[in-house]
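Data block below; observations after.
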Amino acid sequence: GGGNSQSITSNATNPDLGEIKISDNGGASTLTLGSAVKIASATIDTSQILSANGANTVTLTGTGTVFTNNGTFQPSTGTVEYTGATTNIGASKYKHLTLGASGTHTMPSSGNVTLLGNLTLASGATYASGSSTVLFRAGGSQLVTDNNATKQNLGEISVIASTGGNSTLTLGSSVRIASATIDASQSLDANGSNTLTITGTGTPFTVSGSFGAFTRSTGAVVFTGAKQVMVGYDMR
């Protein structure tokens, strides 16, 4: 803290640095990663900044709530990876988000997760969708991949534009979701023979406006919820 610019750089073995906190101690502080780091948890207080600084990876090894962002997280082109046995995913903006194997990862009950890059579930990862929406907002191309044999329910997803342009979300595997909204001029691409399973009720699949697009490719769309209505797309 103290309104200074600081950096943190790990060594080749990348040991676990434990808990870090960027706090207000007389002004806004910026902590910049000089390398990939492994930490138990990170807290960013109000008006403070954590910068990933390029393609650096932040590996969060702790359990429970391990990423609290009350300030600003600048994801750059890096990855945040949750590897704890039970983790609560912090409501924040991420570039790439990876959920590690053998963990149960719960999305926020309030606030949203905004992804500017890819979402990857490792084989063995359990995903609890919570009540938040995952916003795919790359302003370009991004992937969602579930490496589990039995696909996890990723809950509500939305493909939206960014200030940098339109977003295209491509399936890197078959996926299961509760619902999907594709905003006007945005795209969702099934990418070959991947299956998109939609479990929600009501209106769980919405393609907005004249120029929102869903590309089914050679895959299947499977609706499993009761009394579903699809808006804005003809599956024929």
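Identifiers in this document derive from the order of the structure tokens: chains are assigned A, B, ..., residues are numbered from 1 separately in each chain, and ligands are numbered from 1 in order of occurrence.
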Those of segment 89-181 of chain A in DSSP strand (DSSP E), formatted as a CSV table (one decimal) with N, CA, C and O atoms, in the first residue's frame:
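Full text of result-v2.csv as output:
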chain,number,residue,atom,x,y,z
A,93,LYS,N,-13.3,-9.5,-13.7
A,93,LYS,CA,-12.9,-9.6,-15.1
A,93,LYS,C,-11.6,-10.4,-15.2
A,93,LYS,O,-10.7,-10.2,-14.5
A,94,TYR,N,-11.6,-11.4,-16.1
A,94,TYR,CA,-10.5,-12.3,-16.3
A,94,TYR,C,-10.2,-12.3,-17.8
A,94,TYR,O,-11.0,-12.1,-18.6
A,96,HIS,N,-8.0,-15.3,-19.3
A,96,HIS,CA,-8.3,-16.8,-19.4
A,96,HIS,C,-8.5,-17.3,-18.0
A,96,HIS,O,-7.8,-16.9,-17.0
A,97,LEU,N,-9.5,-18.1,-17.8
A,97,LEU,CA,-9.8,-18.7,-16.5
A,97,LEU,C,-9.8,-20.2,-16.6
A,97,LEU,O,-10.5,-20.8,-17.5
A,98,THR,N,-9.0,-20.9,-15.7
A,98,THR,CA,-8.9,-22.3,-15.7
A,98,THR,C,-9.3,-22.8,-14.3
A,98,THR,O,-8.8,-22.3,-13.3
A,99,LEU,N,-10.1,-23.8,-14.3
A,99,LEU,CA,-10.6,-24.4,-13.1
A,99,LEU,C,-10.0,-25.8,-13.0
A,99,LEU,O,-10.2,-26.7,-13.8
A,104,THR,N,-13.9,-28.4,-6.5
A,104,THR,CA,-15.2,-28.0,-6.6
A,104,THR,C,-15.2,-26.5,-6.7
A,104,THR,O,-14.9,-25.8,-5.7
A,105,HIS,N,-15.6,-25.9,-7.8
A,105,HIS,CA,-15.5,-24.5,-8.0
A,105,HIS,C,-16.9,-23.9,-8.2
A,105,HIS,O,-17.6,-24.3,-9.1
A,106,THR,N,-17.2,-23.0,-7.3
A,106,THR,CA,-18.5,-22.4,-7.2
A,106,THR,C,-18.5,-20.9,-7.7
A,106,THR,O,-17.7,-20.1,-7.3
A,113,VAL,N,-19.0,-13.0,-13.7
A,113,VAL,CA,-17.6,-13.3,-14.1
A,113,VAL,C,-17.6,-12.9,-15.6
A,113,VAL,O,-18.4,-13.4,-16.4
A,114,THR,N,-16.7,-12.0,-15.9
A,114,THR,CA,-16.5,-11.5,-17.3
A,114,THR,C,-15.2,-12.1,-17.9
A,114,THR,O,-14.1,-11.9,-17.3
A,115,LEU,N,-15.3,-12.8,-19.0
A,115,LEU,CA,-14.1,-13.4,-19.6
A,115,LEU,C,-13.8,-12.7,-20.9
A,115,LEU,O,-14.6,-12.6,-21.8
A,119,LEU,N,-12.4,-20.1,-21.2
A,119,LEU,CA,-12.8,-20.8,-20.0
A,119,LEU,C,-12.5,-22.3,-20.2
A,119,LEU,O,-12.9,-22.9,-21.2
A,120,THR,N,-11.7,-22.8,-19.3
A,120,THR,CA,-11.3,-24.2,-19.4
A,120,THR,C,-11.5,-24.9,-18.1
A,120,THR,O,-11.1,-24.5,-17.0
A,121,LEU,N,-12.2,-26.1,-18.1
A,121,LEU,CA,-12.4,-27.0,-17.0
A,121,LEU,C,-11.5,-28.2,-17.2
A,121,LEU,O,-11.6,-28.9,-18.2
A,126,THR,N,-15.2,-30.0,-10.7
A,126,THR,CA,-16.6,-29.9,-10.5
A,126,THR,C,-17.0,-28.5,-10.5
A,126,THR,O,-16.3,-27.6,-9.9
A,127,TYR,N,-18.0,-28.1,-11.3
A,127,TYR,CA,-18.4,-26.7,-11.5
A,127,TYR,C,-19.8,-26.5,-10.9
A,127,TYR,O,-20.8,-27.2,-11.2
A,128,ALA,N,-20.0,-25.6,-10.0
A,128,ALA,CA,-21.3,-25.2,-9.4
A,128,ALA,C,-21.6,-23.8,-9.9
A,128,ALA,O,-20.9,-22.9,-9.6
A,133,THR,N,-24.0,-14.9,-14.0
A,133,THR,CA,-23.9,-15.2,-15.4
A,133,THR,C,-22.4,-15.0,-15.8
A,133,THR,O,-21.8,-14.1,-15.4
A,134,VAL,N,-22.0,-16.0,-16.7
A,134,VAL,CA,-20.6,-15.8,-17.2
A,134,VAL,C,-20.8,-15.1,-18.5
A,134,VAL,O,-21.4,-15.5,-19.5
A,135,LEU,N,-20.1,-13.9,-18.6
A,135,LEU,CA,-20.2,-13.0,-19.7
A,135,LEU,C,-18.9,-13.2,-20.6
A,135,LEU,O,-17.8,-13.0,-20.1
A,136,PHE,N,-19.1,-13.7,-21.8
A,136,PHE,CA,-18.0,-13.8,-22.7
A,136,PHE,C,-17.9,-12.6,-23.6
A,136,PHE,O,-18.8,-12.3,-24.4
A,141,SER,N,-12.2,-13.7,-30.7
A,141,SER,CA,-12.5,-15.1,-30.6
A,141,SER,C,-12.1,-15.6,-29.2
A,141,SER,O,-11.1,-15.2,-28.6
A,142,GLN,N,-12.9,-16.5,-28.7
A,142,GLN,CA,-12.6,-17.2,-27.4
A,142,GLN,C,-13.3,-18.5,-27.4
A,142,GLN,O,-14.1,-18.9,-28.2
A,143,LEU,N,-12.8,-19.4,-26.4
A,143,LEU,CA,-13.1,-20.8,-26.4
A,143,LEU,C,-13.7,-21.1,-25.0
A,143,LEU,O,-13.3,-20.6,-24.0
A,144,VAL,N,-14.7,-22.1,-25.0
A,144,VAL,CA,-15.1,-22.7,-23.7
A,144,VAL,C,-14.9,-24.2,-23.9
A,144,VAL,O,-15.4,-24.8,-24.9
A,145,THR,N,-14.2,-24.8,-23.0
A,145,THR,CA,-13.8,-26.2,-23.1
A,145,THR,C,-14.0,-26.9,-21.7
A,145,THR,O,-13.5,-26.5,-20.7
A,146,ASP,N,-14.8,-28.0,-21.8
A,146,ASP,CA,-15.0,-28.8,-20.6
A,146,ASP,C,-14.3,-30.2,-20.9
A,146,ASP,O,-14.8,-31.0,-21.7
A,156,GLU,N,-25.7,-20.1,-16.6
A,156,GLU,CA,-26.1,-19.1,-17.6
A,156,GLU,C,-24.8,-18.5,-18.3
A,156,GLU,O,-23.9,-18.0,-17.6
A,157,ILE,N,-24.8,-18.4,-19.6
A,157,ILE,CA,-23.8,-17.8,-20.3
A,157,ILE,C,-24.4,-16.7,-21.3
A,157,ILE,O,-25.5,-16.8,-21.7
A,158,SER,N,-23.6,-15.7,-21.5
A,158,SER,CA,-24.0,-14.6,-22.5
A,158,SER,C,-22.8,-14.2,-23.3
A,158,SER,O,-21.7,-14.0,-22.8
A,159,VAL,N,-23.0,-14.1,-24.6
A,159,VAL,CA,-22.0,-13.6,-25.5
A,159,VAL,C,-22.3,-12.2,-25.9
A,159,VAL,O,-23.4,-11.9,-26.5
A,168,THR,N,-16.9,-13.8,-30.6
A,168,THR,CA,-17.3,-15.1,-31.1
A,168,THR,C,-16.9,-16.1,-30.1
A,168,THR,O,-15.7,-16.3,-29.8
A,169,LEU,N,-17.8,-16.9,-29.5
A,169,LEU,CA,-17.5,-17.9,-28.6
A,169,LEU,C,-17.6,-19.3,-29.3
A,169,LEU,O,-18.6,-19.6,-29.9
A,170,THR,N,-16.5,-20.0,-29.3
A,170,THR,CA,-16.4,-21.3,-29.9
A,170,THR,C,-16.3,-22.4,-28.9
A,170,THR,O,-15.6,-22.3,-27.9
A,171,LEU,N,-17.1,-23.5,-29.1
A,171,LEU,CA,-17.0,-24.6,-28.2
A,171,LEU,C,-15.7,-25.4,-28.5
A,171,LEU,O,-15.5,-25.8,-29.6
A,175,VAL,N,-20.5,-29.1,-24.4
A,175,VAL,CA,-20.8,-28.4,-23.1
A,175,VAL,C,-22.2,-28.5,-22.7
A,175,VAL,O,-23.1,-28.7,-23.6
A,176,ARG,N,-22.4,-28.3,-21.4
A,176,ARG,CA,-23.8,-28.3,-20.8
A,176,ARG,C,-24.0,-27.0,-20.2
A,176,ARG,O,-23.1,-26.5,-19.4
A,177,ILE,N,-25.1,-26.3,-20.5
A,177,ILE,CA,-25.4,-25.0,-19.9
A,177,ILE,C,-26.9,-25.0,-19.5
A,177,ILE,O,-27.7,-25.8,-19.9
A,179,SER,N,-28.5,-21.9,-19.8
A,179,SER,CA,-29.1,-21.0,-20.8
A,179,SER,C,-28.0,-20.3,-21.5
A,179,SER,O,-26.9,-20.1,-21.0
A,180,ALA,N,-28.3,-19.8,-22.7
A,180,ALA,CA,-27.4,-19.0,-23.5
A,180,ALA,C,-28.1,-17.8,-24.1
A,180,ALA,O,-29.2,-17.9,-24.6
A,181,THR,N,-27.5,-16.6,-24.0
A,181,THR,CA,-28.0,-15.4,-24.7
A,181,THR,C,-26.9,-15.0,-25.7
A,181,THR,O,-25.7,-14.7,-25.2
Contact residues around Pro15 of chain A with only C-alpha atoms at 12 Å, ignoring same-chain residues under 6 positions, as a list of chain:residue names: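 After dropping sequence-adjacent residues, the list is A:Thr9, A:Ala36, A:Val37, A:Lys38, A:Ile39, A:Ala40, A:Thr59, A:Leu60, A:Thr61.
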At a cut-off of 9 Å, using only C-alpha atoms, what residues contact Phe67 of chain A? Leave out same-chain residues fewer than 6 positions from it and give the result as a ChimeraX atom specification. /A:41-44,60,88-92
Show me, as a JSON list (two decimals) with N, CA, C and O atoms, in the first residue's frame, the residues that have an atom within 7 Å of Gly225 of chain A when counting only C-alpha atoms, minus same-chain residues fewer than 4 positions from it.
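Result saved to around.json:
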[["chain", "number", "residue", "atom", "x", "y", "z"],
["A", 199, "THR", "N", -30.21, -27.02, -20.33],
["A", 199, "THR", "CA", -31.03, -27.65, -19.28],
["A", 199, "THR", "C", -32.10, -26.75, -18.70],
["A", 199, "THR", "O", -32.98, -27.21, -17.97],
["A", 200, "GLY", "N", -32.03, -25.45, -18.96],
["A", 200, "GLY", "CA", -32.94, -24.52, -18.31],
["A", 200, "GLY", "C", -34.37, -24.61, -18.81],
["A", 200, "GLY", "O", -34.67, -25.25, -19.83],
["A", 201, "THR", "N", -35.27, -23.96, -18.09],
["A", 201, "THR", "CA", -36.68, -23.90, -18.48],
["A", 201, "THR", "C", -37.01, -22.49, -18.96],
["A", 201, "THR", "O", -36.20, -21.57, -18.88]]
If we count only C-alpha atoms, what is near Thr150 of chain A at a cut-off of 10 Å, once residues fewer than 2 positions away on the same chain are taken out, given as a PyMOL selection string? chain A and resi 123-124+146-148+152-153+174-176
Among the residues A:Leu33, A:Gly26, A:Ala125, A:Met107, the one that comes closest to Thr65 of chain A [using only C-alpha atoms]: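 Result for the nearest residue to Thr65 of chain A: A:Met107.
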Would you please work out which residue, of A:Ala101, A:Ser187, A:Thr86, A:Leu50, is nearest to Gln74 of chain A when using only C-alpha atoms?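 Of the candidates, the smallest distance to Gln74 of chain A is held by A:Leu50.
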Show which residues sit within 12 Å of Ala28 of chain A, as a PyMOL selection string. Count only C-alpha atoms, and ignore same-chain residues fewer than 5 positions away. chain A and resi 1-6+22-23+44-50+71-72
Pick out the closest residue to Ile182 of chain A from this set: A:Ser162, A:Thr13, A:Thr197, A:Thr206. Count only C-alpha atoms. A:Thr206
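Picture a line from atom CA of Ser132 of chain A to atom CA of Gly165 of chain A; it runs 23.8 Å.
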If we count only C-alpha atoms, what is near Ser35 of chain A at a cut-off of 10 Å, once residues fewer than 4 positions away on the same chain are taken out, given as number ranges by chain? A: 7-12, 14, 52-58
Could the residues in this selection be written to a file with all heavy atoms, as a tab-separated table (two decimals), in the first residue's frame?
chain	number	residue	atom	x	y	z
A	7	SER	N	6.22	-4.51	-7.46
A	7	SER	CA	6.20	-5.70	-8.32
A	7	SER	C	6.51	-6.93	-7.48
A	7	SER	O	7.10	-6.84	-6.40
A	7	SER	CB	7.20	-5.59	-9.46
A	7	SER	OG	8.52	-5.54	-8.98
A	8	ILE	N	6.06	-8.06	-7.99
A	8	ILE	CA	6.33	-9.34	-7.33
A	8	ILE	C	6.79	-10.32	-8.39
A	8	ILE	O	6.14	-10.49	-9.43
A	8	ILE	CB	5.08	-9.84	-6.56
A	8	ILE	CG1	5.38	-11.16	-5.86
A	8	ILE	CG2	3.88	-9.97	-7.48
A	8	ILE	CD1	4.26	-11.59	-4.92
A	9	THR	N	7.95	-10.95	-8.14
A	9	THR	CA	8.54	-11.88	-9.11
A	9	THR	C	8.94	-13.15	-8.39
A	9	THR	O	9.67	-13.11	-7.40
A	9	THR	CB	9.77	-11.25	-9.79
A	9	THR	OG1	9.39	-10.01	-10.41
A	9	THR	CG2	10.34	-12.19	-10.84
A	10	SER	N	8.46	-14.28	-8.90
A	10	SER	CA	8.80	-15.57	-8.30
A	10	SER	C	10.07	-16.11	-8.96
A	10	SER	O	10.62	-15.52	-9.88
A	10	SER	CB	7.64	-16.55	-8.47
A	10	SER	OG	7.84	-17.72	-7.71
A	11	ASN	N	10.54	-17.27	-8.45
A	11	ASN	CA	11.72	-17.89	-9.05
A	11	ASN	C	11.32	-19.10	-9.89
A	11	ASN	O	10.14	-19.37	-10.09
A	11	ASN	CB	12.75	-18.27	-7.97
A	11	ASN	CG	12.19	-19.28	-6.97
A	11	ASN	OD1	11.31	-20.06	-7.29
A	11	ASN	ND2	12.71	-19.25	-5.74
A	12	ALA	N	12.30	-19.84	-10.37
A	12	ALA	CA	12.03	-20.93	-11.30
A	12	ALA	C	11.18	-22.04	-10.69
A	12	ALA	O	10.42	-22.71	-11.40
A	12	ALA	CB	13.35	-21.52	-11.80
A	14	ASN	N	8.82	-21.52	-8.50
A	14	ASN	CA	7.50	-20.93	-8.29
A	14	ASN	C	6.83	-21.44	-7.00
A	14	ASN	O	5.77	-22.06	-7.04
A	14	ASN	CB	6.59	-21.20	-9.50
A	14	ASN	CG	5.38	-20.25	-9.54
A	14	ASN	OD1	5.35	-19.23	-8.85
A	14	ASN	ND2	4.40	-20.61	-10.33
A	52	ALA	N	-1.67	-8.24	-14.10
A	52	ALA	CA	-1.05	-9.50	-14.50
A	52	ALA	C	0.17	-9.26	-15.38
A	52	ALA	O	1.06	-10.11	-15.44
A	52	ALA	CB	-2.05	-10.38	-15.22
A	53	ASN	N	0.18	-8.14	-16.10
A	53	ASN	CA	1.37	-7.73	-16.84
A	53	ASN	C	1.78	-8.75	-17.89
A	53	ASN	O	2.80	-9.44	-17.78
A	53	ASN	CB	2.53	-7.46	-15.86
A	53	ASN	CG	3.75	-6.88	-16.56
A	53	ASN	OD1	3.62	-6.19	-17.56
A	53	ASN	ND2	4.93	-7.18	-16.03
A	54	GLY	N	0.98	-8.87	-18.92
A	54	GLY	CA	1.30	-9.82	-19.99
A	54	GLY	C	0.67	-11.17	-19.75
A	54	GLY	O	-0.40	-11.29	-19.15
A	55	ALA	N	1.36	-12.22	-20.19
A	55	ALA	CA	0.80	-13.57	-20.17
A	55	ALA	C	1.07	-14.32	-18.88
A	55	ALA	O	0.99	-15.55	-18.84
A	55	ALA	CB	1.36	-14.36	-21.35
A	56	ASN	N	1.38	-13.63	-17.81
A	56	ASN	CA	1.67	-14.29	-16.53
A	56	ASN	C	0.43	-15.00	-15.99
A	56	ASN	O	-0.69	-14.52	-16.13
A	56	ASN	CB	2.16	-13.27	-15.51
A	56	ASN	CG	3.53	-12.73	-15.86
A	56	ASN	OD1	4.43	-13.48	-16.18
A	56	ASN	ND2	3.68	-11.41	-15.81
A	57	THR	N	0.67	-16.15	-15.35
A	57	THR	CA	-0.40	-16.94	-14.74
A	57	THR	C	-0.40	-16.72	-13.23
A	57	THR	O	0.64	-16.79	-12.59
A	57	THR	CB	-0.20	-18.44	-15.04
A	57	THR	OG1	-0.34	-18.65	-16.45
A	57	THR	CG2	-1.23	-19.28	-14.31
A	58	VAL	N	-1.60	-16.47	-12.70
A	58	VAL	CA	-1.81	-16.44	-11.26
A	58	VAL	C	-2.47	-17.76	-10.87
A	58	VAL	O	-3.61	-18.03	-11.28
A	58	VAL	CB	-2.71	-15.27	-10.83
A	58	VAL	CG1	-2.91	-15.28	-9.32
A	58	VAL	CG2	-2.12	-13.94	-11.27
